[in-house]
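Trainee: my_file_19.txt is reproduced below (compact mmCIF, C-alpha atoms).
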```
# COMPACT_ATOMS: atom_id res chain seq x y z
CA MET Z 1 -39.10 1.46 34.12
CA SER Z 2 -39.02 -2.11 35.28
CA ILE Z 3 -36.65 -4.88 34.42
CA HIS Z 4 -38.02 -7.95 32.66
CA LEU Z 5 -35.95 -11.11 32.68
CA GLY Z 6 -37.69 -12.28 29.49
CA THR Z 7 -36.65 -9.20 27.55
CA MET Z 8 -33.12 -9.53 28.89
CA LEU Z 9 -32.84 -13.15 27.81
CA PHE Z 10 -34.33 -12.42 24.42
CA GLN Z 11 -31.96 -9.49 23.94
CA VAL Z 12 -28.87 -11.50 24.86
CA GLY Z 13 -30.01 -14.43 22.73
CA ALA Z 14 -30.68 -12.19 19.73
CA VAL Z 15 -27.27 -10.53 19.97
CA LEU Z 16 -25.57 -13.92 20.37
CA ILE Z 17 -27.38 -15.28 17.31
CA LEU Z 18 -26.49 -12.11 15.40
CA MET Z 19 -22.87 -12.59 16.42
CA LEU Z 20 -22.81 -16.21 15.25
CA LEU Z 21 -24.52 -15.36 11.95
CA LEU Z 22 -22.17 -12.46 11.34
CA LYS Z 23 -19.15 -14.61 12.07
CA ARG Z 24 -20.40 -17.37 9.81
CA TYR Z 25 -21.66 -15.41 6.83
CA ALA Z 26 -19.99 -12.02 6.84
CA LEU Z 27 -17.10 -11.35 9.17
CA GLY Z 28 -15.37 -14.72 9.03
CA PRO Z 29 -15.01 -14.81 5.23
CA MET Z 30 -14.32 -11.09 5.10
CA MET Z 31 -11.57 -11.26 7.67
CA LYS Z 32 -10.07 -14.21 5.86
CA VAL Z 33 -9.97 -12.16 2.66
CA MET Z 34 -8.51 -9.21 4.57
CA ASN Z 35 -5.79 -11.38 6.06
CA GLU Z 36 -5.10 -12.87 2.64
CA ARG Z 37 -4.85 -9.42 1.21
CA GLN Z 38 -2.46 -8.36 3.94
CA GLU Z 39 -0.33 -11.40 3.27
CA HIS Z 40 -0.51 -10.70 -0.44
CA ILE Z 41 0.58 -7.10 0.07
CA GLU Z 42 3.41 -8.15 2.37
CA GLN Z 43 4.50 -10.73 -0.18
CA GLN Z 44 4.36 -8.18 -2.96
CA LEU Z 45 6.38 -5.77 -0.88
CA THR Z 46 9.05 -8.39 -0.26
CA ILE Z 47 9.13 -9.24 -3.95
CA ALA Z 48 9.35 -5.57 -4.83
CA ASP Z 49 12.21 -5.14 -2.39
CA GLU Z 50 14.02 -8.11 -3.90
CA LYS Z 51 13.41 -6.81 -7.40
CA ARG Z 52 14.70 -3.40 -6.47
CA ALA Z 53 17.82 -4.83 -4.90
CA GLU Z 54 18.34 -6.91 -8.02
CA ALA Z 55 17.86 -3.89 -10.24
CA GLU Z 56 20.26 -1.86 -8.14
CA LYS Z 57 22.83 -4.62 -8.39
CA MET Z 58 22.34 -4.76 -12.13
CA VAL Z 59 22.72 -1.01 -12.45
CA SER Z 60 25.95 -1.05 -10.50
CA GLU Z 61 27.17 -3.92 -12.63
CA GLN Z 62 26.28 -2.03 -15.77
CA LYS Z 63 28.04 1.03 -14.46
CA GLU Z 64 31.14 -1.00 -13.79
CA ALA Z 65 30.96 -2.55 -17.23
CA LEU Z 66 30.57 0.88 -18.76
CA ILE Z 67 33.60 2.18 -16.91
CA GLN Z 68 35.58 -0.84 -18.00
CA ALA Z 69 34.47 -0.42 -21.59
CA ARG Z 70 35.42 3.22 -21.50
CA GLU Z 71 38.84 2.36 -20.14
CA GLU Z 72 39.30 -0.27 -22.79
CA ALA Z 73 38.32 2.14 -25.50
CA LYS Z 74 40.75 4.68 -24.14
CA GLU Z 75 43.49 2.11 -24.09
CA LEU Z 76 42.67 1.05 -27.63
CA LEU Z 77 42.77 4.62 -28.77
CA GLU Z 78 46.08 5.16 -27.04
CA ARG Z 79 47.51 2.08 -28.63
CA ALA Z 80 46.19 3.06 -32.02
CA LYS Z 81 47.76 6.49 -31.68
CA VAL Z 82 51.12 4.99 -30.77
CA GLN Z 83 50.91 2.55 -33.62
CA LYS Z 84 49.93 5.28 -36.01
CA GLU Z 85 52.87 7.38 -34.98
CA ARG Z 86 55.21 4.46 -35.35
CA GLU Z 87 53.80 3.55 -38.70
CA SER Z 88 53.98 7.09 -40.00
CA GLU Z 89 57.52 7.24 -38.78
CA GLU Z 90 58.26 4.01 -40.56
CA ILE Z 91 56.61 5.18 -43.74
CA LEU Z 92 58.52 8.43 -43.61
CA GLN Z 93 61.78 6.63 -43.04
CA ASP Z 94 60.99 4.23 -45.82
CA ALA Z 95 60.19 7.03 -48.15
CA ARG Z 96 63.35 8.88 -47.20
CA LYS Z 97 65.40 5.74 -47.72
CA ARG Z 98 63.82 5.10 -51.04
CA ALA Z 99 64.37 8.67 -52.13
CA ASP Z 100 68.03 8.40 -51.08
CA ARG Z 101 68.41 5.23 -53.00
CA MET Z 102 66.77 6.73 -56.05
CA ILE Z 103 69.06 9.73 -55.87
CA GLN Z 104 72.02 7.41 -55.53
CA ASP Z 105 70.83 5.36 -58.51
CA ALA Z 106 70.32 8.45 -60.57
CA LYS Z 107 73.76 9.72 -59.67
CA GLU Z 108 75.36 6.42 -60.60
CA GLU Z 109 73.49 6.33 -63.85
CA ILE Z 110 74.56 9.82 -64.61
CA ALA Z 111 78.17 8.88 -63.94
CA LEU Z 112 77.85 5.81 -66.09
CA GLU Z 113 76.32 7.76 -68.91
CA LYS Z 114 79.00 10.32 -68.65
CA GLU Z 115 81.70 7.70 -68.85
CA LYS Z 116 79.95 6.10 -71.74
CA ALA Z 117 79.73 9.40 -73.51
CA ILE Z 118 83.38 10.14 -72.90
CA LYS Z 119 84.27 6.74 -74.18
CA GLU Z 120 82.19 7.25 -77.29
CA LEU Z 121 83.74 10.62 -77.78
CA ARG Z 122 87.19 9.19 -77.53
CA ASN Z 123 86.31 6.61 -80.12
CA GLU Z 124 84.90 9.31 -82.30
CA VAL Z 125 87.94 11.43 -81.82
CA GLY Z 126 90.14 8.45 -82.70
CA ASN Z 127 88.09 7.72 -85.76
CA LEU Z 128 88.16 11.32 -86.76
CA SER Z 129 91.85 11.57 -86.30
CA VAL Z 130 92.21 8.44 -88.37
CA SER Z 131 89.98 9.82 -91.06
CA LEU Z 132 91.77 13.12 -90.75
CA ALA Z 133 95.09 11.46 -91.15
CA SER Z 134 93.82 9.53 -94.12
CA LYS Z 135 92.47 12.72 -95.58
CA LEU Z 136 95.76 14.42 -94.93
CA ILE Z 137 97.58 11.68 -96.59
CA GLU Z 138 95.21 11.41 -99.49
CA LYS Z 139 95.04 15.06 -100.22
CA GLU Z 140 97.90 17.50 -100.32
CA VAL Z 141 96.71 20.30 -98.39
CA LYS Z 142 98.40 23.52 -97.75
CA VAL Z 143 99.78 24.04 -94.24
CA LYS Z 144 97.46 26.93 -93.81
CA ASP Z 145 94.42 25.04 -94.83
CA GLN Z 146 95.51 22.10 -92.77
CA SER Z 147 95.80 24.04 -89.63
CA LYS Z 148 92.44 25.59 -90.40
CA LEU Z 149 90.93 22.20 -90.83
CA VAL Z 150 92.38 20.82 -87.62
CA GLU Z 151 91.07 23.80 -85.77
CA SER Z 152 87.66 23.35 -87.22
CA TYR Z 153 87.73 19.71 -86.21
CA LEU Z 154 88.86 20.51 -82.76
CA ASN Z 155 86.09 23.04 -82.49
CA GLN Z 156 83.66 20.42 -83.58
CA VAL Z 157 85.00 18.09 -80.94
CA GLY Z 158 84.73 20.82 -78.35
CA GLU Z 159 81.12 21.38 -79.29
CA LEU Z 160 80.40 17.70 -79.05
CA GLN Z 161 81.82 17.51 -75.66
CA MET G 1 -45.82 2.23 27.78
CA THR G 2 -45.03 -0.83 25.74
CA PRO G 3 -47.02 -3.99 25.02
CA LYS G 4 -45.80 -7.02 26.92
CA ILE G 5 -46.54 -10.73 26.80
CA GLU G 6 -46.19 -13.36 29.50
CA PHE G 7 -44.55 -16.62 28.50
CA LEU G 8 -43.21 -19.39 30.77
CA GLY G 9 -43.59 -17.05 33.72
CA LEU G 10 -41.31 -14.47 32.10
CA THR G 11 -42.31 -11.07 30.81
CA PHE G 12 -41.31 -10.21 27.28
CA ASP G 13 -41.46 -6.67 25.99
CA LEU G 14 -42.91 -6.94 22.50
CA THR G 15 -41.67 -3.53 21.34
CA ILE G 16 -38.12 -4.22 22.42
CA MET G 17 -38.19 -7.66 20.83
CA ILE G 18 -39.42 -6.22 17.53
CA ALA G 19 -36.79 -3.48 17.64
CA THR G 20 -34.05 -5.96 18.52
CA VAL G 21 -34.98 -8.26 15.67
CA VAL G 22 -35.18 -5.35 13.22
CA THR G 23 -31.80 -4.08 14.41
CA CYS G 24 -30.27 -7.55 14.06
CA ILE G 25 -31.67 -7.89 10.55
CA ILE G 26 -30.36 -4.47 9.51
CA VAL G 27 -26.88 -5.17 10.89
CA PHE G 28 -26.82 -8.62 9.32
CA LEU G 29 -28.02 -7.34 5.95
CA ILE G 30 -25.44 -4.55 5.90
CA ALA G 31 -22.66 -6.97 6.76
CA VAL G 32 -23.75 -9.70 4.34
CA LEU G 33 -24.47 -7.35 1.42
CA ALA G 34 -21.19 -5.56 1.90
CA THR G 35 -19.14 -8.73 2.10
CA ARG G 36 -20.90 -10.59 -0.70
CA SER G 37 -18.29 -9.99 -3.38
CA ARG G 38 -15.21 -9.95 -1.13
CA SER G 39 -12.81 -8.76 -3.79
CA MET G 40 -9.13 -8.20 -3.12
CA VAL G 41 -9.57 -4.59 -4.17
CA PRO G 42 -12.52 -3.37 -2.07
CA LYS G 43 -15.12 -1.04 -3.48
CA GLY G 44 -18.42 0.48 -2.44
CA LEU G 45 -20.05 -0.99 0.64
CA GLN G 46 -17.18 -3.41 1.16
CA ASN G 47 -14.98 -0.44 2.03
CA LEU G 48 -17.39 0.58 4.78
CA VAL G 49 -17.52 -2.86 6.39
CA GLU G 50 -13.76 -3.27 6.11
CA MET G 51 -13.38 0.09 7.78
CA LEU G 52 -15.71 -1.07 10.57
CA ILE G 53 -13.77 -4.31 10.94
CA GLU G 54 -10.52 -2.35 11.16
CA PHE G 55 -12.22 -0.10 13.69
CA SER G 56 -13.24 -3.16 15.77
CA LYS G 57 -9.72 -4.48 15.45
CA GLY G 58 -8.46 -1.16 16.76
CA ILE G 59 -10.74 -1.47 19.79
CA THR G 60 -9.56 -5.00 20.54
CA ARG G 61 -5.90 -4.09 20.04
CA MET G 62 -6.24 -1.43 22.71
CA THR G 63 -6.88 -4.08 25.35
CA TYR G 64 -5.48 -7.43 24.21
CA ASP G 65 -2.24 -8.67 22.75
CA ALA G 66 -2.23 -9.17 18.98
CA LYS G 67 -3.12 -12.86 19.09
CA THR G 68 -6.06 -12.58 21.50
CA ALA G 69 -7.30 -9.44 19.81
CA GLU G 70 -8.17 -11.38 16.67
CA ARG G 71 -10.60 -13.56 18.65
CA TYR G 72 -12.65 -10.63 19.93
CA VAL G 73 -13.01 -8.74 16.67
CA VAL G 74 -16.36 -10.38 15.89
CA LEU G 75 -17.69 -9.65 19.38
CA SER G 76 -16.60 -6.03 19.17
CA PHE G 77 -18.00 -5.62 15.68
CA THR G 78 -21.34 -7.15 16.68
CA LEU G 79 -21.67 -5.12 19.88
CA PHE G 80 -20.68 -1.88 18.23
CA MET G 81 -22.85 -2.31 15.16
CA PHE G 82 -25.87 -3.57 17.09
CA ILE G 83 -25.80 -0.77 19.65
CA PHE G 84 -24.96 1.86 17.04
CA VAL G 85 -27.81 0.84 14.73
CA ALA G 86 -30.19 0.40 17.68
CA ASN G 87 -29.39 3.88 19.02
CA GLN G 88 -29.86 5.54 15.65
CA LEU G 89 -33.05 3.60 14.86
CA GLY G 90 -34.69 4.95 17.99
CA ILE G 91 -33.91 8.52 16.96
CA ILE G 92 -34.93 8.13 13.33
CA MET G 93 -38.13 6.13 13.84
CA MET G 94 -40.37 5.97 16.88
CA VAL G 95 -43.74 4.40 16.29
CA THR G 96 -46.38 5.28 18.81
CA ALA G 97 -50.02 4.25 18.73
CA GLU G 98 -52.94 5.41 20.81
CA ALA G 99 -54.74 2.77 22.82
CA HIS G 100 -58.10 3.37 24.40
CA HIS G 101 -59.25 -0.14 25.19
CA PRO G 102 -57.53 -2.45 27.64
CA PHE G 103 -55.81 -5.48 26.04
CA PRO G 104 -54.67 -7.72 28.91
CA ALA G 105 -52.83 -10.20 26.67
CA LEU G 106 -50.30 -7.49 25.82
CA GLY G 107 -50.15 -6.12 29.35
CA ILE G 108 -52.31 -3.12 28.51
CA THR G 109 -54.48 -3.03 31.57
CA GLU G 110 -57.07 -0.58 32.84
CA GLU G 111 -54.67 0.88 35.39
CA ALA G 112 -51.92 1.40 32.80
CA LEU G 113 -54.29 3.12 30.42
CA LYS G 114 -55.23 5.57 33.15
CA GLU G 115 -51.65 6.86 33.08
CA THR G 116 -51.11 7.12 29.34
CA HIS G 117 -52.77 6.23 26.06
CA GLY G 118 -49.53 6.18 24.06
CA ILE G 119 -48.31 2.73 23.16
CA ALA G 120 -44.78 2.62 21.72
CA TRP G 121 -44.49 -0.02 19.01
CA PHE G 122 -40.99 0.80 18.01
CA LYS G 123 -38.08 2.35 19.91
CA SER G 124 -34.40 1.77 20.56
CA PRO G 125 -33.84 -1.57 22.26
CA THR G 126 -30.97 0.15 24.03
CA ALA G 127 -33.40 2.70 25.47
CA ASP G 128 -34.88 -0.17 27.47
CA LEU G 129 -33.19 -0.93 30.78
CA SER G 130 -33.80 -4.67 30.44
CA ALA G 131 -32.09 -4.88 27.08
CA ALA G 132 -29.13 -2.67 27.96
CA LEU G 133 -28.60 -4.27 31.35
CA GLY G 134 -29.11 -7.72 29.83
CA MET G 135 -26.20 -7.21 27.47
CA ALA G 136 -24.03 -5.76 30.23
CA ILE G 137 -24.77 -8.67 32.56
CA ALA G 138 -24.10 -11.16 29.76
CA VAL G 139 -20.72 -9.52 29.16
CA ALA G 140 -20.01 -9.60 32.91
CA LEU G 141 -20.87 -13.31 33.10
CA TYR G 142 -18.61 -13.96 30.16
CA THR G 143 -15.74 -12.12 31.87
CA HIS G 144 -16.13 -14.44 34.88
CA ILE G 145 -16.02 -17.49 32.62
CA VAL G 146 -12.83 -16.12 31.04
CA GLY G 147 -11.40 -15.45 34.50
CA ILE G 148 -12.12 -18.97 35.76
CA ARG G 149 -10.79 -20.59 32.59
CA SER G 150 -7.55 -18.64 32.72
CA GLY G 151 -6.88 -19.97 36.27
CA LEU G 152 -9.32 -20.72 39.08
CA LYS G 153 -6.76 -20.08 41.81
CA SER G 154 -5.80 -16.62 40.70
CA TYR G 155 -9.46 -15.88 40.00
CA LEU G 156 -10.48 -16.73 43.58
CA LYS G 157 -7.42 -15.03 45.07
CA HIS G 158 -8.79 -11.80 43.73
CA TYR G 159 -11.72 -11.92 46.19
CA ILE G 160 -9.81 -12.55 49.42
CA PRO G 161 -10.76 -9.93 52.07
CA PRO G 162 -10.18 -7.16 52.81
CA MET G 163 -9.41 -5.92 49.28
CA GLY G 164 -11.46 -8.75 47.84
CA LEU G 165 -14.64 -7.25 49.27
CA ILE G 166 -14.11 -4.11 47.24
CA HIS G 167 -13.43 -6.25 44.18
CA LEU G 168 -16.59 -8.22 44.88
CA LEU G 169 -18.58 -5.02 45.09
CA GLU G 170 -16.96 -3.91 41.87
CA GLU G 171 -18.18 -7.04 40.11
CA PHE G 172 -21.75 -5.87 40.71
CA SER G 173 -21.20 -2.22 40.02
CA LYS G 174 -19.37 -2.89 36.76
CA PRO G 175 -22.27 -4.46 34.82
CA LEU G 176 -24.71 -2.08 36.48
CA THR G 177 -22.85 1.04 35.33
CA HIS G 178 -22.00 -0.61 32.03
CA GLY G 179 -25.64 -1.19 31.17
CA MET G 180 -27.08 1.87 32.88
CA ARG G 181 -24.70 4.23 31.13
CA LEU G 182 -25.89 3.05 27.73
CA TRP G 183 -29.55 2.92 28.69
CA ALA G 184 -29.60 6.28 30.44
CA ASN G 185 -27.97 8.12 27.57
CA ILE G 186 -30.24 6.69 24.92
CA PHE G 187 -33.37 6.78 27.08
CA ALA G 188 -32.79 10.40 28.02
CA GLY G 189 -32.31 11.29 24.38
CA GLU G 190 -35.53 9.59 23.37
CA VAL G 191 -37.52 11.07 26.23
CA LEU G 192 -36.46 14.55 25.27
CA ILE G 193 -37.27 13.90 21.60
CA THR G 194 -40.70 12.57 22.55
CA ILE G 195 -41.38 15.59 24.74
CA MET G 196 -40.31 17.98 22.04
CA ILE G 197 -42.51 16.26 19.47
CA THR G 198 -45.61 15.94 21.63
CA GLU G 199 -45.48 19.07 23.79
CA GLY G 200 -45.19 22.63 22.64
CA ALA G 201 -45.73 24.26 19.27
CA PRO G 202 -43.49 23.08 16.42
CA TRP G 203 -42.15 26.58 15.81
CA ILE G 204 -40.75 26.60 19.33
CA THR G 205 -39.44 23.08 19.59
CA GLY G 206 -38.57 22.54 15.91
CA ALA G 207 -35.06 24.00 15.92
CA PRO G 208 -34.02 22.52 19.29
CA LEU G 209 -35.45 19.20 18.16
CA VAL G 210 -33.22 19.09 15.10
CA VAL G 211 -30.18 20.07 17.20
CA TRP G 212 -31.01 17.53 19.88
CA MET G 213 -31.57 14.77 17.31
CA GLY G 214 -28.19 15.52 15.79
CA PHE G 215 -26.63 15.42 19.21
CA SER G 216 -28.46 12.16 19.97
CA LEU G 217 -27.01 10.61 16.82
CA PHE G 218 -23.58 11.64 18.06
CA VAL G 219 -24.28 10.32 21.58
CA GLY G 220 -25.55 7.06 20.06
CA ALA G 221 -22.25 6.57 18.23
CA ILE G 222 -20.20 7.48 21.29
CA GLN G 223 -22.18 5.21 23.61
CA ALA G 224 -21.86 2.29 21.19
CA TYR G 225 -18.11 2.85 21.16
CA ILE G 226 -17.91 3.16 24.96
CA PHE G 227 -19.98 0.03 25.57
CA THR G 228 -17.80 -1.98 23.19
CA VAL G 229 -14.53 -0.67 24.62
CA LEU G 230 -15.66 -1.31 28.19
CA ALA G 231 -16.79 -4.85 27.33
CA ASN G 232 -13.31 -5.54 25.95
CA VAL G 233 -11.64 -3.90 28.94
CA TYR G 234 -13.67 -5.98 31.42
CA ILE G 235 -12.80 -9.19 29.56
CA SER G 236 -9.10 -8.35 29.41
CA GLN G 237 -9.06 -7.44 33.11
CA LYS G 238 -10.05 -10.99 33.96
CA MET G 239 -7.36 -12.32 31.62
CA ALA G 240 -4.52 -10.39 33.20
CA HIS G 241 -5.01 -11.85 36.71
```
Would you write out, as structure tokens, the structure that this file holds?
Mentor:
Amino acid sequence: MSIHLGTMLFQVGAVLILMLLLKRYALGPMMKVMNERQEHIEQQLTIADEKRAEAEKMVSEQKEALIQAREEAKELLERAKVQKERESEEILQDARKRADRMIQDAKEEIALEKEKAIKELRNEVGNLSVSLASKLIEKEVKVKDQSKLVESYLNQVGELQ
Amino acid sequence: MTPKIEFLGLTFDLTIMIATVVTCIIVFLIAVLATRSRSMVPKGLQNLVEMLIEFSKGITRMTYDAKTAERYVVLSFTLFMFIFVANQLGIIMMVTAEAHHPFPALGITEEALKETHGIAWFKSPTADLSAALGMAIAVALYTHIVGIRSGLKSYLKHYIPPMGLIHLLEEFSKPLTHGMRLWANIFAGEVLITIMITEGAPWITGAPLVVWMGFSLFVGAIQAYIFTVLANVYISQKMAH
């Protein structure tokens, strides 16, 4: 095995040319694409991170809003309950008052009617006594009959009352 | 024995030149075909070449800082792929012809024919000492250029006696071992394959041949890796000082 300078030079030259060609037509463009891809991936990762942080923030905001809404609803319910109780109380009181008043009215009316009736009765009694007197005067009635008559009248009056 | 031609007073080994050119073409075709589409989402052959580029990047990152590493990716890729393909080519295809008449133009003389009639027309370029050593010496020369460019003073300071003498000796032994390691491994593999093919009955050498070829493929990959790593290490050594 001997060493030939010509073969050596040819070998080195061929490898150098291969290197230049590879760099120019294959590796250069490929590595550029690979670097671009790496940048792209890194960029996407950053964007994803940002998006996730945003989403997390939004979720926490939503949670807070939900809690707030729940509290508000609770408060509203509480208030409604209180109002309802107050209103029912009011209505009850109103109804009671009105019933009292109606009873009072009815009582008064009854009293009035009673008085009226008594008054009418008195008038009637007066008239009757007048007519009785006139009858007594007109007709001569026996004492016995008379007393009988008066009694019957009085009875009638008693029934009327 | 290989055919040789004389040109400008230099001897060129025709077989090695053919093998080198074929290897270069194969490596170039693989790389160009694989990177033709260059899509953001790699598929098919592009995956393979991207894997090899990442592999080369890994080799460079072992020895350089991140910024310098990028510059030597192409060198590492080329060295690795060339040596790898060259090693495997020699195992897969060895073309040998019989020559019975002297052909002085190709260096096939009467005396040479007395030794052997086999003329190899195709074998691993890395199984040739000239080719392997040539690449190693070229790498060594490049390391010296890098060393001088990164600071002449510190470069020369490295060779001040007495330690400098050892360093000087090292500068010769480094390319020698670098090239010889590759050549010896591949050459030995091919010699053994040739012996097993030509000598002995196939039923004796058949099974060992298959095993040895498999091992040679493995050795070819390992040696390509070692040569590339060492080239990067030698370059980075000159950078550090």
Trainee: Measuring atom to atom with all atoms listed in the file, identify which of G:Ser39, G:Ser130, G:Ser173, G:Ser154 is nearest to Ser2 in chain Z.
Mentor: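 Closest residue, counting all atoms listed in the file: G:Ser130.
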Trainee: Please identify all residues of chain Z having at least one atom at most 6 Å from any atom of chain G, considering all atoms listed in the file, and return them as a VMD selection string.
Mentor: chain Z and resid 3 to 4 6 to 8 11 to 12 19 26
Trainee: If you measure from CA of Leu160 in chain Z to CA of Leu132 in chain Z, what distance in Å do you get, rounded to one decimal?
Mentor: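 Calculated distance between CA of Leu160 in chain Z and CA of Leu132 in chain Z is 16.9 Å.
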Trainee: With a distance cut-off of 12 Å and all atoms listed in the file, select the neighbouring residues of Leu230 in chain G, excluding the residue or stretch itself and same-chain residues fewer than 6 positions from it, and output the selection as a compact mmCIF listing (two decimals) with C-alpha atoms, in the coordinates of the input.
Mentor:
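around23.txt, written as the output of this step:
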```txt
# COMPACT_ATOMS: atom_id res chain seq x y z
CA ILE G 59 -10.74 -1.47 19.79
CA THR G 60 -9.56 -5.00 20.54
CA MET G 62 -6.24 -1.43 22.71
CA THR G 63 -6.88 -4.08 25.35
CA SER G 76 -16.60 -6.03 19.17
CA LEU G 79 -21.67 -5.12 19.88
CA PHE G 80 -20.68 -1.88 18.23
CA ALA G 136 -24.03 -5.76 30.23
CA VAL G 139 -20.72 -9.52 29.16
CA ALA G 140 -20.01 -9.60 32.91
CA THR G 143 -15.74 -12.12 31.87
CA LYS G 174 -19.37 -2.89 36.76
CA PRO G 175 -22.27 -4.46 34.82
CA THR G 177 -22.85 1.04 35.33
CA HIS G 178 -22.00 -0.61 32.03
CA GLY G 179 -25.64 -1.19 31.17
CA ARG G 181 -24.70 4.23 31.13
CA LEU G 182 -25.89 3.05 27.73
CA GLN G 223 -22.18 5.21 23.61
CA ALA G 224 -21.86 2.29 21.19
CA SER G 236 -9.10 -8.35 29.41
CA GLN G 237 -9.06 -7.44 33.11
```
Trainee: What is the CA of Leu121 in chain Z to CA of Gln156 in chain Z distance in Å?
Mentor: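 Computed distance, CA of Leu121 in chain Z to CA of Gln156 in chain Z, equals 11.4 Å.
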Trainee: What is the CA of Gly58 in chain G-CA of Glu39 in chain Z distance in Å, reported with one decimal?
Mentor: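 Going from CA of Gly58 in chain G over to CA of Glu39 in chain Z, I get 18.8 Å.
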Trainee: Which residue gives the smallest distance to Leu156 in chain G among G:Lys123, G:Lys43, G:Arg71, G:Lys238, with all atoms listed in the file counted?
Mentor: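 Counting all atoms listed in the file, the residue closest to Leu156 in chain G is G:Lys238.
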